[in-house]
file model17.cif (mmCIF, C-alpha atoms)
data_entry
#
loop_
_atom_site.label_atom_id
_atom_site.label_comp_id
_atom_site.auth_asym_id
_atom_site.auth_seq_id
_atom_site.Cartn_x
_atom_site.Cartn_y
_atom_site.Cartn_z
CA MET T 1 0.00 0.00 0.00
CA SER T 2 1.35 3.39 -0.99
CA TYR T 3 1.95 6.25 1.39
CA ARG T 4 -0.79 8.38 -0.26
CA ARG T 5 -3.37 5.63 0.08
CA LEU T 6 -2.54 5.29 3.74
CA ILE T 7 -3.07 9.01 4.28
CA LEU T 8 -6.36 8.89 2.33
CA LEU T 9 -7.58 5.95 4.38
CA ALA T 10 -6.67 7.67 7.63
CA LEU T 11 -8.48 10.86 6.53
CA THR T 12 -11.55 8.86 5.47
CA LEU T 13 -11.75 7.22 8.87
CA ALA T 14 -10.94 10.27 10.97
CA LEU T 15 -12.90 13.07 9.26
CA PRO T 16 -16.43 11.80 9.97
CA ARG T 17 -15.57 11.39 13.65
CA VAL T 18 -14.18 14.89 13.80
CA GLY T 19 -17.28 16.16 11.99
CA ARG T 20 -19.66 14.27 14.30
CA ALA T 21 -17.82 15.60 17.28
CA GLN T 22 -18.67 19.12 16.15
CA PHE T 23 -22.38 18.38 16.51
CA THR T 24 -22.35 16.42 19.74
CA THR T 25 -20.50 18.85 21.91
CA PHE T 26 -21.62 18.72 25.51
CA ILE T 27 -22.38 22.14 26.95
CA PRO T 28 -22.19 21.96 30.73
CA PRO T 29 -24.87 23.90 32.64
CA ARG T 30 -23.86 27.12 34.27
CA ASN T 31 -22.72 26.92 37.80
CA PRO T 32 -25.51 28.65 39.78
CA ALA T 33 -23.15 29.56 42.58
CA ALA T 34 -20.91 31.40 40.19
CA THR T 35 -23.65 33.49 38.58
CA ASP T 36 -24.42 36.87 39.97
CA SER T 37 -28.07 37.15 41.04
CA ALA T 38 -28.39 40.75 39.86
CA LYS T 39 -26.94 39.85 36.49
CA SER T 40 -29.20 36.85 36.10
CA ALA T 41 -32.24 38.92 37.06
CA THR T 42 -31.32 41.56 34.47
CA ALA T 43 -30.76 38.85 31.89
CA ALA T 44 -34.11 37.26 32.69
CA LYS T 45 -35.83 40.63 32.40
CA GLN T 46 -34.17 41.30 29.06
CA GLN T 47 -35.13 37.81 27.91
CA ALA T 48 -38.73 38.40 28.93
CA GLN T 49 -38.78 41.73 27.14
CA THR T 50 -37.27 40.13 24.05
CA ASP T 51 -39.86 37.36 24.18
CA SER T 52 -42.73 39.81 24.46
CA VAL T 53 -41.32 41.87 21.61
CA VAL T 54 -40.99 38.77 19.46
CA ASN T 55 -44.51 37.77 20.41
CA ALA T 56 -45.83 41.18 19.51
CA GLN T 57 -43.96 41.16 16.21
CA LEU T 58 -45.30 37.75 15.30
CA THR T 59 -48.82 38.82 16.21
CA ASN T 60 -48.45 41.97 14.21
CA MET T 61 -47.13 39.98 11.30
CA LYS T 62 -50.18 37.71 11.42
CA THR T 63 -52.46 40.72 11.48
CA TRP T 64 -50.53 42.21 8.60
CA VAL T 65 -50.73 39.01 6.60
CA ASP T 66 -54.43 38.69 7.34
CA SER T 67 -55.09 42.26 6.35
CA ALA T 68 -53.01 41.84 3.22
CA ALA T 69 -55.02 38.75 2.37
CA GLY T 70 -58.25 40.63 2.93
CA VAL T 71 -59.22 38.66 6.02
CA VAL T 72 -60.80 40.79 8.71
CA SER T 73 -59.28 39.87 12.06
CA PRO T 74 -59.90 41.24 15.53
CA PRO T 75 -57.25 43.65 16.82
CA ILE T 76 -55.35 41.03 18.80
CA ALA T 77 -52.06 42.87 18.58
CA ALA T 78 -53.15 45.77 20.73
CA ALA T 79 -54.63 43.51 23.36
CA ASP T 80 -51.58 41.27 23.40
CA SER T 81 -49.17 44.12 23.81
CA GLN T 82 -51.22 45.46 26.70
CA VAL T 83 -51.17 42.08 28.40
CA ALA T 84 -47.45 41.80 27.87
CA GLN T 85 -46.83 45.21 29.36
CA SER T 86 -48.87 44.93 32.54
CA THR T 87 -50.48 42.22 34.61
CA PRO T 88 -54.27 42.67 34.56
CA GLN T 89 -55.75 43.74 37.90
CA PRO T 90 -59.11 42.31 38.90
CA PRO T 91 -61.86 44.89 39.10
CA LEU T 92 -62.47 46.63 42.39
CA ALA T 93 -65.07 44.56 44.17
CA ASP T 94 -66.55 46.88 46.74
CA THR T 95 -69.35 49.12 45.57
CA ALA T 96 -70.89 49.74 48.97
CA MET T 97 -68.35 52.30 50.13
CA ARG T 98 -68.45 55.94 49.15
CA ALA T 99 -65.27 57.90 48.62
CA THR T 100 -66.08 60.04 51.64
CA GLY T 101 -66.68 57.03 53.83
CA THR T 102 -69.69 55.06 54.93
CA ARG T 103 -71.20 54.47 58.35
CA ALA T 104 -70.57 51.13 59.99
CA PRO T 105 -73.57 48.77 59.89
CA GLU T 106 -76.13 49.07 62.65
CA THR T 107 -74.98 46.40 65.08
CA ALA T 108 -76.56 47.91 68.17
CA SER T 109 -78.85 45.45 69.88
CA ASN T 110 -81.54 45.89 72.50
CA LEU T 111 -81.70 42.23 73.41
CA PRO T 112 -79.38 42.37 76.45
CA LEU T 113 -81.37 45.32 77.80
CA LEU T 114 -84.66 43.51 77.17
CA ALA T 115 -83.41 40.32 78.80
CA LEU T 116 -82.14 42.20 81.84
CA SER T 117 -85.33 44.25 82.10
CA GLY T 118 -87.38 41.07 81.87
CA LEU T 119 -85.36 39.52 84.63
CA GLY T 120 -85.82 42.65 86.74
CA PHE T 121 -89.59 42.67 86.18
CA LEU T 122 -89.76 39.00 87.12
CA VAL T 123 -87.92 39.62 90.37
CA ILE T 124 -90.11 42.63 91.23
CA GLY T 125 -93.26 40.68 90.33
CA THR T 126 -92.16 37.76 92.49
CA ILE T 127 -91.49 40.07 95.43
CA LEU T 128 -94.83 41.83 95.00
CA VAL T 129 -96.84 38.64 94.69
CA GLY T 130 -94.92 36.74 97.34
CA GLY T 131 -94.68 39.71 99.68
CA SER T 132 -98.45 40.24 99.76
CA ARG T 133 -99.10 36.93 101.56
CA PRO T 134 -97.75 37.84 104.97
CA ALA T 135 -99.65 41.13 104.82
CA ARG T 136 -102.90 39.29 104.15
CA GLN T 137 -102.11 36.70 106.80
CA ARG T 138 -101.47 39.51 109.25
CA ALA T 139 -104.85 41.05 108.37
CA MET E 1 -103.74 45.83 94.33
CA ARG E 2 -100.15 45.00 95.20
CA LYS E 3 -100.66 41.41 94.12
CA ALA E 4 -102.20 42.50 90.81
CA LEU E 5 -99.26 44.80 90.17
CA GLY E 6 -96.95 41.91 90.97
CA TYR E 7 -98.67 39.75 88.37
CA VAL E 8 -98.37 42.53 85.80
CA PHE E 9 -94.65 42.80 86.49
CA PHE E 10 -94.33 39.04 86.42
CA ALA E 11 -96.09 38.74 83.07
CA THR E 12 -94.17 41.63 81.54
CA GLY E 13 -90.88 40.17 82.72
CA GLY E 14 -91.83 36.77 81.37
CA LEU E 15 -92.72 38.24 77.97
CA LEU E 16 -89.50 40.24 77.73
CA LEU E 17 -87.38 37.27 78.75
CA SER E 18 -89.23 34.99 76.34
CA PHE E 19 -88.74 37.45 73.49
CA ALA E 20 -85.02 37.89 74.15
CA GLY E 21 -84.50 34.19 74.76
CA GLY E 22 -86.49 33.33 71.66
CA ARG E 23 -84.38 35.67 69.53
CA TYR E 24 -81.20 34.12 70.88
CA ALA E 25 -82.57 30.63 70.29
CA VAL E 26 -83.63 31.43 66.73
CA GLY E 27 -80.22 33.00 66.07
CA SER E 28 -78.45 29.94 67.39
CA TRP E 29 -80.63 27.63 65.31
CA ARG E 30 -80.02 29.68 62.16
CA ALA E 31 -76.28 29.72 62.85
CA ASP E 32 -76.32 25.92 63.08
CA GLN E 33 -78.22 25.76 59.82
CA ALA E 34 -75.71 28.08 58.16
CA ARG E 35 -72.82 25.93 59.37
CA ALA E 36 -74.49 22.77 58.12
CA ALA E 37 -75.04 24.40 54.75
CA TRP E 38 -71.46 25.57 54.62
CA ASP E 39 -70.08 22.20 55.60
CA HIS E 40 -72.19 20.40 53.09
CA ALA E 41 -69.85 19.51 50.27
CA GLU E 42 -72.23 20.22 47.45
CA ALA E 43 -73.28 23.58 48.83
CA LYS E 44 -69.66 24.50 49.39
CA ALA E 45 -68.69 23.51 45.88
CA THR E 46 -71.58 25.47 44.44
CA VAL E 47 -70.72 28.54 46.44
CA ALA E 48 -67.05 28.16 45.59
CA LEU E 49 -67.74 27.84 41.91
CA ALA E 50 -70.17 30.74 41.93
CA ARG E 51 -67.64 32.89 43.78
CA SER E 52 -64.86 31.79 41.49
CA VAL E 53 -66.83 32.61 38.39
CA ALA E 54 -67.90 35.92 39.84
CA PHE E 55 -64.32 36.78 40.80
CA HIS E 56 -62.83 35.92 37.45
CA HIS E 57 -65.42 37.40 35.18
CA GLY E 58 -66.02 40.51 37.22
CA ALA E 59 -69.74 39.84 37.20
CA ARG E 60 -71.28 39.93 40.65
CA HIS E 61 -74.36 37.80 40.92
CA PRO E 62 -76.74 38.98 43.60
CA ILE E 63 -76.63 36.78 46.68
CA VAL E 64 -79.70 36.15 48.76
CA ASP E 65 -79.59 37.72 52.22
CA GLY E 66 -78.91 35.09 54.84
CA ALA E 67 -76.90 32.83 52.53
CA PRO E 68 -73.59 31.58 53.98
CA VAL E 69 -70.80 33.37 52.11
CA ALA E 70 -67.64 32.97 54.17
CA HIS E 71 -65.96 31.23 57.05
CA LEU E 72 -64.37 33.50 59.66
CA MET E 73 -61.81 32.23 62.18
CA ILE E 74 -60.07 34.29 64.86
CA PRO E 75 -57.94 32.02 67.09
CA ARG E 76 -57.22 34.78 69.61
CA ILE E 77 -60.85 34.99 70.74
CA ASP E 78 -61.82 31.40 69.83
CA LEU E 79 -64.14 32.60 67.12
CA ASP E 80 -65.19 30.20 64.38
CA GLU E 81 -68.32 31.42 62.63
CA ILE E 82 -70.04 31.21 59.29
CA VAL E 83 -70.60 34.65 57.79
CA LEU E 84 -74.00 35.30 56.27
CA GLU E 85 -74.82 37.74 53.51
CA GLY E 86 -76.47 40.89 54.83
CA VAL E 87 -76.31 43.03 57.95
CA GLY E 88 -80.00 43.11 58.76
CA SER E 89 -81.46 42.18 62.11
CA ASP E 90 -82.14 38.55 61.16
CA GLU E 91 -78.69 37.97 59.64
CA LEU E 92 -76.81 39.53 62.55
CA ASN E 93 -78.94 37.54 64.95
CA ALA E 94 -77.73 34.34 63.32
CA GLY E 95 -74.08 35.18 62.73
CA PRO E 96 -71.59 37.76 61.53
CA GLY E 97 -72.92 39.51 58.44
CA HIS E 98 -71.16 40.52 55.25
CA LEU E 99 -72.02 44.05 54.13
CA PRO E 100 -73.70 43.65 50.71
CA GLY E 101 -71.76 45.40 47.99
CA SER E 102 -68.47 45.23 49.84
CA ALA E 103 -65.73 42.92 48.58
CA PHE E 104 -65.63 39.31 49.65
CA PRO E 105 -62.66 38.40 51.84
CA GLY E 106 -59.63 38.01 49.59
CA GLU E 107 -61.04 40.06 46.76
CA ARG E 108 -59.55 43.39 45.77
CA GLY E 109 -61.32 46.00 47.87
CA ASN E 110 -62.64 46.48 51.36
CA SER E 111 -64.51 43.51 52.77
CA VAL E 112 -66.76 44.44 55.69
CA ILE E 113 -68.04 41.93 58.24
CA SER E 114 -70.15 43.02 61.20
CA ALA E 115 -71.59 41.27 64.22
CA HIS E 116 -73.33 41.97 67.52
CA ARG E 117 -71.17 42.64 70.55
CA ASP E 118 -73.41 40.53 72.77
CA ARG E 119 -73.11 37.43 70.62
CA HIS E 120 -70.46 36.53 68.05
CA PHE E 121 -68.09 39.44 68.71
CA SER E 122 -68.53 39.39 72.48
CA HIS E 123 -64.76 39.09 73.07
CA PHE E 124 -63.83 41.47 70.30
CA ASP E 125 -62.24 43.91 72.72
CA GLN E 126 -59.45 41.35 73.32
CA LEU E 127 -58.34 41.53 69.71
CA GLN E 128 -55.02 43.33 69.32
CA ALA E 129 -52.90 44.59 66.45
CA GLY E 130 -50.81 41.70 65.18
CA ASP E 131 -53.46 39.04 65.78
CA THR E 132 -54.26 36.82 62.85
CA ILE E 133 -57.59 36.20 61.20
CA THR E 134 -58.36 33.51 58.65
CA THR E 135 -61.17 33.69 56.13
CA GLU E 136 -62.46 31.30 53.55
CA ALA E 137 -64.69 32.69 50.86
CA GLY E 138 -65.40 30.63 47.81
CA THR E 139 -62.07 29.31 46.62
CA ILE E 140 -59.97 31.84 48.49
CA ARG E 141 -58.43 31.09 51.86
CA GLN E 142 -56.75 34.15 53.25
CA THR E 143 -54.81 34.88 56.42
CA TRP E 144 -54.99 38.44 57.67
CA VAL E 145 -53.16 40.38 60.32
CA VAL E 146 -54.88 43.04 62.41
CA VAL E 147 -53.24 46.39 61.67
CA SER E 148 -55.55 48.85 63.40
CA LYS E 149 -58.29 49.09 65.96
CA ARG E 150 -60.28 52.28 66.46
CA VAL E 151 -63.49 53.48 68.03
CA VAL E 152 -65.73 55.89 66.13
CA ASP E 153 -69.10 57.46 66.70
CA LYS E 154 -71.97 55.40 65.32
CA ASP E 155 -72.80 58.10 62.76
CA ALA E 156 -69.22 58.87 61.74
CA PRO E 157 -67.94 57.62 58.37
CA ALA E 158 -65.90 54.55 59.25
CA LEU E 159 -65.70 52.46 56.10
CA PHE E 160 -63.66 53.56 53.13
CA ARG E 161 -62.87 52.21 49.71
CA ALA E 162 -59.64 50.25 49.40
CA THR E 163 -57.71 49.42 46.28
CA GLU E 164 -55.98 46.48 47.94
CA PRO E 165 -57.61 43.50 49.70
CA THR E 166 -58.67 44.73 53.13
CA LEU E 167 -60.76 43.15 55.85
CA THR E 168 -62.81 45.38 58.14
CA LEU E 169 -64.64 43.94 61.12
CA THR E 170 -67.12 46.09 63.01
CA THR E 171 -69.20 45.79 66.14
CA CYS E 172 -70.76 48.04 68.75
CA TRP E 173 -68.72 49.80 71.40
CA PRO E 174 -68.51 49.66 74.38
CA ILE E 175 -68.77 45.89 74.44
CA ARG E 176 -70.30 45.91 77.93
CA TYR E 177 -73.08 48.45 77.61
CA LEU E 178 -76.75 48.36 78.47
CA GLY E 179 -78.91 49.49 75.56
CA PRO E 180 -77.96 50.56 72.04
CA ALA E 181 -74.23 51.30 72.11
CA PRO E 182 -73.33 54.80 70.90
CA GLU E 183 -70.03 53.93 69.21
CA ARG E 184 -68.52 51.41 66.84
CA LEU E 185 -65.32 49.39 67.13
CA ILE E 186 -63.57 49.15 63.76
CA VAL E 187 -60.84 46.55 63.29
CA THR E 188 -58.86 46.63 60.07
CA ALA E 189 -56.74 43.74 58.81
CA LYS E 190 -54.41 43.33 55.85
CA PRO E 191 -53.51 40.11 54.04
CA VAL E 192 -50.43 38.28 55.30
CA VAL E 193 -49.57 36.56 52.03
CA ARG E 194 -50.48 37.84 48.64
CA PRO E 195 -52.01 36.64 46.45
CA ALA E 196 -54.54 34.65 48.45
CA THR E 197 -54.30 30.89 48.25
CA ARG E 198 -56.88 29.38 46.04
CA ILE E 199 -58.29 26.21 47.56
CA ALA E 200 -60.20 23.31 46.18
CA VAL E 201 -60.70 24.85 42.76
CA ALA E 202 -60.39 21.48 41.10
CA ALA E 203 -62.70 19.90 43.63
CA ALA E 204 -65.21 22.67 43.20
CA ARG E 205 -65.23 22.33 39.47
CA SER E 206 -65.37 18.52 39.39
#

call {"tool": "encode", "arguments": {"input": "model17.cif", "output": "structure tokens"}}
result
Amino acid sequence: MSYRRLILLALTLALPRVGRAQFTTFIPPRNPAATDSAKSATAAKQQAQTDSVVNAQLTNMKTWVDSAAGVVSPPIAAADSQVAQSTPQPPLADTAMRATGTRAPETASNLPLLALSGLGFLVIGTILVGGSRPARQRA
Amino acid sequence: MRKALGYVFFATGGLLLSFAGGRYAVGSWRADQARAAWDHAEAKATVALARSVAFHHGARHPIVDGAPVAHLMIPRIDLDEIVLEGVGSDELNAGPGHLPGSAFPGERGNSVISAHRDRHFSHFDQLQAGDTITTEAGTIRQTWVVVSKRVVDKDAPALFRATEPTLTLTTCWPIRYLGPAPERLIVTAKPVVRPATRIAVAAARS
């Protein structure tokens, strides 16, 4: 076997492996301890902004394509961009209160007074009825 | 004459005591009914789903006065009561009442719950800033912390709009007072954890 053939054979065997190795490179995950929290937060924020921008662009593109094709579509883009910009707040639930303030509900109760008065009347009645006996007996 | 007067007093006292006792008995019976309704799984799921739908779609369906709408727990004063819709005489006789039109506990806004000082809020004067309150309304279980306690005149404006979830509990003041109390005790609480924990949504929907 000639020297050239040997080189050719070696190249034929080695090149695919080298090529495959280019596509199966292992990328180790980032070391969380090493990352700066502030940096990662900024990166995440930028990523989120980028995502929302991409989302908005895609939505706009769909609207544009639809409009170009003559298809009437609802204005999704505006709604989407609003959602992306701010988290929706639920509507204010209380309608009972005025801006200037409202009185507290009427929780005053007469029942304790009535119960106590009733007890008092019972005691007085008992004394009056019971106390009249000795007087009559004396008479 | 004296004996006749004694009988009149006796009868009047008996009537007054019967009336007051009857009101307390009816209130206690209605409170038991409200608790049974609340504890009933189907009723709870229905209420939870209704609340959930109302919360998420912003549409407030009118709730019948007297219907159980929330569960109020205050460990400090050993209070564990079912809150009924409405602050009328019948509702407050049976349990703490939710002011119609105010937010439900956990919702955005001021949620107002009132009760009589001689019944459900009889130990309300022991409540202090920093005490915790737990409410369950629909699918929302919320823990609150008492942030303020104030006494106002009964005619003074005491309830205000809030943009954040707020819980306001009111009762008469002084707690120990014979006759209609001239003032109101206002306790304000803020949520401990936000947003409120949603409970049993899956169970309510299934």

call {"tool": "interface_residues", "arguments": {"input": "model17.cif", "of": "chain E", "to": "chain T", "cutoff": "6 Å", "atoms": "only C-alpha atoms", "output": "list in words"}}
result
Lys3, Gly6, Tyr7, Phe9, Phe10, Gly13, Leu16, Leu17, Ala20, Gly101, Ser102, Ala103, Arg108, Gly109, His116, Asp155, Ala156, Pro157, Ala158, Leu159, Phe160, Arg161, Thr171, Cys172, Leu178, Gly179, Pro180 and Ala181 of chain E

call {"tool": "resolve_selection", "arguments": {"input": "model17.cif", "expression": "the PyMOL selection byres ((chain E and resi 75) around 9)", "output": "PyMOL selection string"}}
result
chain E and resi 73-74+76-80+131-134

call {"tool": "resolve_selection", "arguments": {"input": "model17.cif", "expression": "the PyMOL selection byres ((chain E and resi 173) around 8)", "output": "list of chain:residue names"}}
result
E:Arg117, E:Val151, E:Thr171, E:Cys172, E:Pro174, E:Ile175, E:Arg176, E:Tyr177, E:Ala181, E:Pro182, E:Glu183, E:Arg184, E:Leu185

call {"tool": "resolve_selection", "arguments": {"input": "model17.cif", "expression": "the PyMOL selection byres ((chain E and resi 93) around 12)", "output": "VMD selection string"}}
result
(chain T and resid 107 to 111) or (chain E and resid 20 to 31 66 83 to 84 86 to 92 94 to 97 114 to 121)

call {"tool": "atom_distance", "arguments": {"input": "model17.cif", "atom1": "CA of Thr170 in chain E", "atom2": "CA of Lys149 in chain E"}}
result
9.8 Å

call {"tool": "atom_distance", "arguments": {"input": "model17.cif", "atom1": "CA of Thr42 in chain T", "atom2": "CA of Val193 in chain E"}}
result
25.8 Å

call {"tool": "atom_distance", "arguments": {"input": "model17.cif", "atom1": "CA of Ser111 in chain E", "atom2": "CA of Ala189 in chain E"}}
result
9.8 Å

call {"tool": "axis_aligned_box", "arguments": {"input": "model17.cif", "around": "range 147-160 of chain E", "padding_each_side": "6 Å", "output": "AutoDock Vina command-line options"}}
result
--center_x -63.0 --center_y 52.6 --center_z 60.6 --size_x 31.6 --size_y 24.5 --size_z 26.9
